[in-house]
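A short write-up of the structure that comes next.
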Amino acid sequence: MERISAVILDDEKHVVNLIKALLPWDEIGIEYKGEAYNGEDGLSLVLSVHPDIVITDIMMPGMSGLDLIEETHRRFPEIEFIIISGYREFDYAQTAIRSGVENYLLKPIDRDELNYIHWIITENGAPIREAPGHYALYQT
């Protein structure tokens with residue numbers, strides 16, 4: 001089975017490092033393809049490695065995560081997004097939902113959120129695949 005690939009985009013390096021360190025990438029069949037710390041570098045990374053899943057913050061320097069999602073979906077609508085954000089305002093979540101994002105997690109990221117990320121990417125330790133190139137992301 002082809003491995004799912006993922007990138008992390010967040011201007012807070014400790015958040016990126018936490019997710020990188022605590023998710024069992026190999027165990028859950030995910031190829032980690034990199035990280036970026038601002039929206040513009042994040043878009044470049046996404047366009048160059050074309051991951052299956054992007055874990056992104058909303059507010060980043062250069063380009064917001066919401067703008068990045070819209071730009072990416074224009075080119076690659078099959079890429080799935082998981083938003084992690086410190087913003088609890090409904091407007092951000094509503095905009096993300098209109099952009100096709102199904103998963104919106106609030107910072108600070110803790111073990112429960114990391115377990116949720118693991119859960120939406122996999123089921124029983126195996127990547128969930130609906131059809132070639134498309135991955136199911138489950139909602140709670």
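Labeling convention for the structure tokens: chains A, B, ... as they appear, residues from 1 per chain, ligands from 1 in order of appearance.
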
- With a distance cut-off of 7 Å and only C-alpha atoms, select the neighbouring residues of A:Glu40, excluding the residue or stretch itself and same-chain residues fewer than 2 positions from it, and output the selection as a PyMOL selection string. chain A and resi 38+42-44+62-63

Nearby residues (only C-alpha atoms) at most 9 Å from A:Leu45, same-chain spacing under 6 positions excluded, as a CSV table (one decimal) with C-alpha atoms, in the first residue's frame:
chain,number,residue,atom,x,y,z
A,7,VAL,CA,3.6,18.2,6.2
A,33,LYS,CA,7.7,15.3,4.1
A,34,GLY,CA,8.7,18.4,6.0
A,35,GLU,CA,7.7,21.6,7.7
A,36,ALA,CA,7.5,25.3,7.1
A,51,PRO,CA,1.4,15.8,0.4

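Considering only C-alpha atoms, the residue among A:Ile82, A:Asp41, A:Asp11, A:Ala6 positioned nearest to A:Trp25 is A:Ala6.
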
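Here atom CA of A:Ala21 stands at a distance of 16.6 Å from atom CA of A:Tyr37.
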
- Nearest to A:His50 by atom-to-atom distance, counting only C-alpha atoms, from A:Leu9, A:Val15, A:Ile117, A:Ile79: A:Ile79

- Task: Write out as JSON, numbers by chain which residues come within 9 Å of A:Glu12 when counting only C-alpha atoms, dropping same-chain ones fewer than 4 positions away.
- Result: {"A": [16, 17, 37, 57, 60]}

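Here the question is which of A:Ile4, A:Met59, A:Val54, A:Ile83 gets nearest to A:Glu27 using only C-alpha atoms, and that residue is A:Ile4.
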
- Task: Find the distance between atom CA of A:Phe76 and atom CA of A:Ile30 and write it in Å to one decimal.
- Result: 19.2 Å

- Message: Between A:Ile109, A:Ile58, A:Ile53, A:Leu47, which residue has the minimum interatomic distance to A:Glu71, considering only C-alpha atoms?
- Response: A:Leu47

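In this structure, atom CA of A:Ile28 sits 19.3 Å away from atom CA of A:Thr56.
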